Amino acid sequence: MTDQTGSGPGISGIRDDYMALTRRKRLYSGMLLAVFVALMMSGFMLADDRNAGGFWSGLHRIFDFPEAVIGEAAEKAAELPGHVVKYFPALVETLNIAAVSTLIGALGGAVLSMLSTRGLARWPALIPVFRRLMDLMRAVPEIVIALVLIFVLGGGPVPAMIAIAFHTTGALGKLFSEVNENASLKPVEGLASVGASWGQKMMLGVVPQVSPNYLSYALLRFEINIRASAILGFVGAGGIGYELKNAMSWGQGKYDESAAIFLMLFATIIVVDQCSSYFRDLLTHGRRSEMLA
Amino acid sequence: MLRLERLTKTFGANTAVDAATVEVDRPMMIGIIGRSGAGKSTLLRMLNRLTDHTSGSVHFEGRDVTALKGADKRAWQADCAMIFQQFNLVPRMDVVSNVLHGTLNKRSTLASLFNLYPTADIHRAIDILDRLGIAEHAPKRAEALSGGQQQRVAIARALMQDPKIILADEPIASLDPMNAQIVMDALRRIHEEDGRTVIANLHTLDTARRYCDRVIGMLHGRIVFDGTPDQLTTGVARDIYGADASFSEEATSTQIDALTRRHQTPIHA
């Protein structure tokens, strides 16, 4: 047997070679660790110097705010259900903004991702153009777009929706295009052989392969967008963020209301998370039973 | 030494292993045969505690293995090495590191995180690789090796654990006949030279016949045969596989000389 040789005199050489390799690796990782610690320390010190308040002097006050919120909420615990009812319409508005913008962003992202994936693109020469377009969409913070649009269109849910959808298109486009790269091109070739158009090849050849991953990324993005749409409420886009901003200001005695809003946001994220794992399971398990059948 | 008593595993309405009772009194090489879905893998996985049992018990040297928890359970897993069909190595790490994983139960998480293994262990790992004939591949990534070589790395990892029992779940099912023979020879040698008990799930009858001291046949989760290879006649084998008279064990044989047996013509490699 040819590959059962290599024993005998060679073994001490192999040992020494491997030990030398190990020592070199250990030296490198030790140096890397030292550089990492040094950079973190110096960076922290620099940032702390430039801080207005100072990290160590403010550290013990970090828990003052949560303490005040929880204290006040506990005092007025009986009023919490009333607050939940009061702010529920605002929560629905926030959720609607997030849902619509995720939907629009996912559709736009899917199209852009197909256009910018090698092997699938309609115009291969334009792949860099679509990639840079998506980079641009991700680079502009949604709060900037929202502020500009609120200035032009006036406050309300529509500017927030456009701003989040714009950002979502860029973010999902990138993630979707990574999914597309792993899709098999064989079905696409099969459809090309029967004379299908580009749209038909994408819808019938690629989408069935990638839809579970698309769904899972889109649902994660929905979670992120709920939070984004709550933040945009702070700058006048309406929804629960606006209510939270009012309730959260210091010294108004409305911390019980902000506690109620925090609880509602938390509950919403839990519900969305549970729903998304349910649907993902359904998709993957559905496929498995089909395959076994 | 090792005693399984009415060991049972159910998945919902399905019973994967149904009241398996086995007594092993001395170190030996045991082959478990049966068709796919007969519960062979589940049985081995319950022995290693990778899968929890539903009822029954496993005793090893007077200790109830099925009752172990936490660190005791992990210590048992280190004593009871497992070899998998798909090798289950870490593909992007080098061969020696994969073998050194066999000592993880004795090392702290922090030390293994920074790859700080004692020199003596590294030397022992290379010696084990040398014993299995693959020492020259020591610094390579595991994914760069062929299937047969990877399976020998997995056996080296198992030996590094210095286990009392070696469990092998279809160790040769993804290998060509040549590599299958090398791997089975290695397992047999480990049993003979080190006196370790080896329990292997095998998908071919002739491998079980040729390498094992004792053969256990499973059908639909039940143990339907337990005896020496000599007692394993073609009629018994048909019962184990639930096959009819057209069943021939040479038809699925992966052994190289099986071809010779059928056609009585020598083959030239």
# chains A, B, ... in the order shown; residues from 1 in each chain; ligands from 1
call {"tool": "residues_around", "arguments": {"residues": "Thr51 in chain B", "least_positions_apart": "6", "cutoff": "9 Å", "atoms": "only C-alpha atoms", "output": "list in words"}}
result
Lys9, Thr42, Leu43, Leu44 and Arg45 of chain B
call {"tool": "residues_around", "arguments": {"residues": "range 193-207 of chain B", "least_positions_apart": "6", "cutoff": "6 Å", "atoms": "only C-alpha atoms", "output": "ChimeraX atom specification"}}
result
/B:27-33,164-170
call {"tool": "closest_atom_pairs", "arguments": {"of": "chain B", "to": "chain A", "cutoff": "10 Å", "atoms": "only C-alpha atoms", "output": "JSON lines"}}
result
{"residue": "B:Val96", "atom": "CA", "partner": "A:Tyr18", "partner_atom": "CA", "distance": 8.6}
{"residue": "B:Ser97", "atom": "CA", "partner": "A:Thr22", "partner_atom": "CA", "distance": 10.0}
{"residue": "B:Phe114", "atom": "CA", "partner": "A:Arg26", "partner_atom": "CA", "distance": 7.8}
{"residue": "B:Asn115", "atom": "CA", "partner": "A:Arg26", "partner_atom": "CA", "distance": 7.7}
{"residue": "B:Leu116", "atom": "CA", "partner": "A:Arg26", "partner_atom": "CA", "distance": 8.0}
{"residue": "B:Tyr117", "atom": "CA", "partner": "A:Thr22", "partner_atom": "CA", "distance": 9.6}
{"residue": "B:Thr119", "atom": "CA", "partner": "A:Met19", "partner_atom": "CA", "distance": 7.8}
{"residue": "B:Ile122", "atom": "CA", "partner": "A:Met19", "partner_atom": "CA", "distance": 8.0}
{"residue": "B:His123", "atom": "CA", "partner": "A:Arg15", "partner_atom": "CA", "distance": 6.4}
{"residue": "B:Arg124", "atom": "CA", "partner": "A:Arg15", "partner_atom": "CA", "distance": 9.6}
{"residue": "B:Ala125", "atom": "CA", "partner": "A:Arg15", "partner_atom": "CA", "distance": 9.6}
{"residue": "B:Ile126", "atom": "CA", "partner": "A:Arg15", "partner_atom": "CA", "distance": 6.7}
{"residue": "B:Asp127", "atom": "CA", "partner": "A:Ile11", "partner_atom": "CA", "distance": 7.6}
{"residue": "B:Leu129", "atom": "CA", "partner": "A:Ser7", "partner_atom": "CA", "distance": 9.4}
{"residue": "B:Asp130", "atom": "CA", "partner": "A:Ser7", "partner_atom": "CA", "distance": 5.8}
{"residue": "B:Arg131", "atom": "CA", "partner": "A:Ser7", "partner_atom": "CA", "distance": 7.6}
{"residue": "B:Leu132", "atom": "CA", "partner": "A:Gln4", "partner_atom": "CA", "distance": 7.3}
{"residue": "B:Gly133", "atom": "CA", "partner": "A:Gln4", "partner_atom": "CA", "distance": 4.3}
{"residue": "B:Ile134", "atom": "CA", "partner": "A:Gln4", "partner_atom": "CA", "distance": 6.9}
{"residue": "B:Ala135", "atom": "CA", "partner": "A:Gly6", "partner_atom": "CA", "distance": 6.8}
{"residue": "B:Glu136", "atom": "CA", "partner": "A:Gly6", "partner_atom": "CA", "distance": 6.4}
{"residue": "B:His137", "atom": "CA", "partner": "A:Ile14", "partner_atom": "CA", "distance": 9.2}
{"residue": "B:Ala138", "atom": "CA", "partner": "A:Tyr18", "partner_atom": "CA", "distance": 7.4}
{"residue": "B:Pro139", "atom": "CA", "partner": "A:Tyr18", "partner_atom": "CA", "distance": 6.5}
{"residue": "B:Gln149", "atom": "CA", "partner": "A:Asp3", "partner_atom": "CA", "distance": 9.0}
{"residue": "B:Met178", "atom": "CA", "partner": "A:Met1", "partner_atom": "CA", "distance": 9.4}
{"residue": "B:Ile182", "atom": "CA", "partner": "A:Met1", "partner_atom": "CA", "distance": 8.8}
call {"tool": "write_last_selection", "arguments": {"atoms": "C-alpha atoms", "output": "PDB file, in the first residue's frame"}}
result
ATOM      1  CA  VAL B  96      -2.654  17.526  13.895  1.00  0.00           C
ATOM      2  CA  SER B  97      -5.054  20.090  15.381  1.00  0.00           C
ATOM      3  CA  PHE B 114      -5.347  29.785  21.667  1.00  0.00           C
ATOM      4  CA  ASN B 115      -4.188  26.377  20.393  1.00  0.00           C
ATOM      5  CA  LEU B 116      -1.955  25.875  23.447  1.00  0.00           C
ATOM      6  CA  TYR B 117      -1.513  22.096  23.510  1.00  0.00           C
ATOM      7  CA  THR B 119       4.340  19.440  23.331  1.00  0.00           C
ATOM      8  CA  ILE B 122       1.523  17.105  19.863  1.00  0.00           C
ATOM      9  CA  HIS B 123       4.205  14.427  19.657  1.00  0.00           C
ATOM     10  CA  ARG B 124       1.707  11.742  20.604  1.00  0.00           C
ATOM     11  CA  ALA B 125      -0.707  12.990  17.930  1.00  0.00           C
ATOM     12  CA  ILE B 126       2.002  12.726  15.288  1.00  0.00           C
ATOM     13  CA  ASP B 127       2.943   9.246  16.533  1.00  0.00           C
ATOM     14  CA  LEU B 129      -0.827   9.561  12.693  1.00  0.00           C
ATOM     15  CA  ASP B 130       2.385   7.661  11.925  1.00  0.00           C
ATOM     16  CA  ARG B 131       0.819   4.448  13.222  1.00  0.00           C
ATOM     17  CA  LEU B 132      -2.041   4.960  10.768  1.00  0.00           C
ATOM     18  CA  GLY B 133       0.394   5.780   7.953  1.00  0.00           C
ATOM     19  CA  ILE B 134      -0.525   9.422   7.357  1.00  0.00           C
ATOM     20  CA  ALA B 135       2.127  11.298   9.373  1.00  0.00           C
ATOM     21  CA  GLU B 136       3.444  13.094   6.291  1.00  0.00           C
ATOM     22  CA  HIS B 137       0.089  14.900   5.974  1.00  0.00           C
ATOM     23  CA  ALA B 138       0.383  16.342   9.508  1.00  0.00           C
ATOM     24  CA  PRO B 139       0.570  20.071   8.630  1.00  0.00           C
ATOM     25  CA  GLN B 149      -7.052   9.712   4.702  1.00  0.00           C
ATOM     26  CA  MET B 178      -9.330   0.110  -1.348  1.00  0.00           C
ATOM     27  CA  ILE B 182      -7.297   0.246   4.928  1.00  0.00           C
TER      28      ILE B 182
END
call {"tool": "select_by_dssp", "arguments": {"residues": "range 15-88 of chain B", "states": "strand (DSSP E or B)", "output": "short mmCIF file (atom, residue, chain, number, x, y, z; two decimals) with N, CA and C atoms, in the first residue's frame"}}
result
data_model
loop_
_atom_site.label_atom_id
_atom_site.label_comp_id
_atom_site.auth_asym_id
_atom_site.auth_seq_id
_atom_site.Cartn_x
_atom_site.Cartn_y
_atom_site.Cartn_z
N THR B 15 -40.60 4.23 16.64
CA THR B 15 -39.63 3.67 17.57
C THR B 15 -38.38 3.35 16.77
N ALA B 16 -37.29 4.08 17.05
CA ALA B 16 -36.05 3.88 16.29
C ALA B 16 -35.30 2.68 16.82
N VAL B 17 -35.23 2.58 18.15
CA VAL B 17 -34.58 1.43 18.78
C VAL B 17 -35.55 0.89 19.81
N ASP B 18 -35.84 -0.43 19.72
CA ASP B 18 -36.90 -1.01 20.52
C ASP B 18 -36.31 -2.02 21.50
N ALA B 19 -36.17 -1.63 22.75
CA ALA B 19 -35.75 -2.53 23.83
C ALA B 19 -34.51 -3.36 23.46
N ALA B 20 -33.42 -2.67 23.13
CA ALA B 20 -32.20 -3.37 22.76
C ALA B 20 -31.47 -3.83 24.02
N THR B 21 -31.20 -5.13 24.10
CA THR B 21 -30.47 -5.67 25.24
C THR B 21 -29.23 -6.39 24.70
N VAL B 22 -28.05 -5.93 25.15
CA VAL B 22 -26.79 -6.50 24.68
C VAL B 22 -25.86 -6.58 25.88
N GLU B 23 -25.12 -7.67 25.98
CA GLU B 23 -24.15 -7.82 27.06
C GLU B 23 -22.79 -8.10 26.43
N VAL B 24 -21.80 -7.25 26.75
CA VAL B 24 -20.45 -7.45 26.24
C VAL B 24 -19.56 -7.71 27.45
N MET B 29 -14.55 -7.09 18.90
CA MET B 29 -14.95 -6.25 17.77
C MET B 29 -16.34 -6.69 17.35
N ILE B 30 -17.29 -5.75 17.44
CA ILE B 30 -18.68 -6.09 17.18
C ILE B 30 -19.15 -5.34 15.94
N GLY B 31 -19.80 -6.04 15.04
CA GLY B 31 -20.39 -5.39 13.86
C GLY B 31 -21.89 -5.37 13.99
N ILE B 32 -22.51 -4.21 13.73
CA ILE B 32 -23.97 -4.14 13.74
C ILE B 32 -24.42 -4.00 12.29
N ILE B 33 -25.28 -4.92 11.85
CA ILE B 33 -25.76 -4.83 10.46
C ILE B 33 -27.27 -4.66 10.45
N SER B 55 -36.01 5.22 27.18
CA SER B 55 -36.07 4.40 28.38
C SER B 55 -35.01 3.32 28.29
N GLY B 56 -34.84 2.56 29.37
CA GLY B 56 -33.79 1.56 29.43
C GLY B 56 -32.52 2.15 30.00
N SER B 57 -31.42 1.39 29.94
CA SER B 57 -30.19 1.90 30.53
C SER B 57 -28.97 1.29 29.85
N VAL B 58 -27.82 1.99 29.99
CA VAL B 58 -26.52 1.50 29.55
C VAL B 58 -25.61 1.51 30.76
N HIS B 59 -25.03 0.37 31.10
CA HIS B 59 -24.07 0.31 32.20
C HIS B 59 -22.71 -0.01 31.63
N PHE B 60 -21.68 0.75 32.06
CA PHE B 60 -20.32 0.44 31.67
C PHE B 60 -19.48 0.31 32.93
N ARG B 63 -21.21 1.38 36.03
CA ARG B 63 -21.69 2.75 36.15
C ARG B 63 -22.85 2.95 35.17
N ASP B 64 -23.90 3.63 35.61
CA ASP B 64 -25.04 3.89 34.73
C ASP B 64 -24.71 5.09 33.84
N CYS B 80 -15.42 7.23 25.21
CA CYS B 80 -16.21 6.42 24.29
C CYS B 80 -16.17 7.13 22.94
N ALA B 81 -15.09 6.90 22.21
CA ALA B 81 -14.84 7.67 20.98
C ALA B 81 -15.82 7.30 19.88
N MET B 82 -16.09 8.26 19.01
CA MET B 82 -17.06 8.04 17.93
C MET B 82 -16.39 8.36 16.60
N ILE B 83 -16.62 7.51 15.61
CA ILE B 83 -16.12 7.76 14.26
C ILE B 83 -17.35 7.82 13.35
#
call {"tool": "atom_distance", "arguments": {"atom1": "CA of Met40 in chain A", "atom2": "CA of Gly54 in chain A"}}
result
17.0 Å
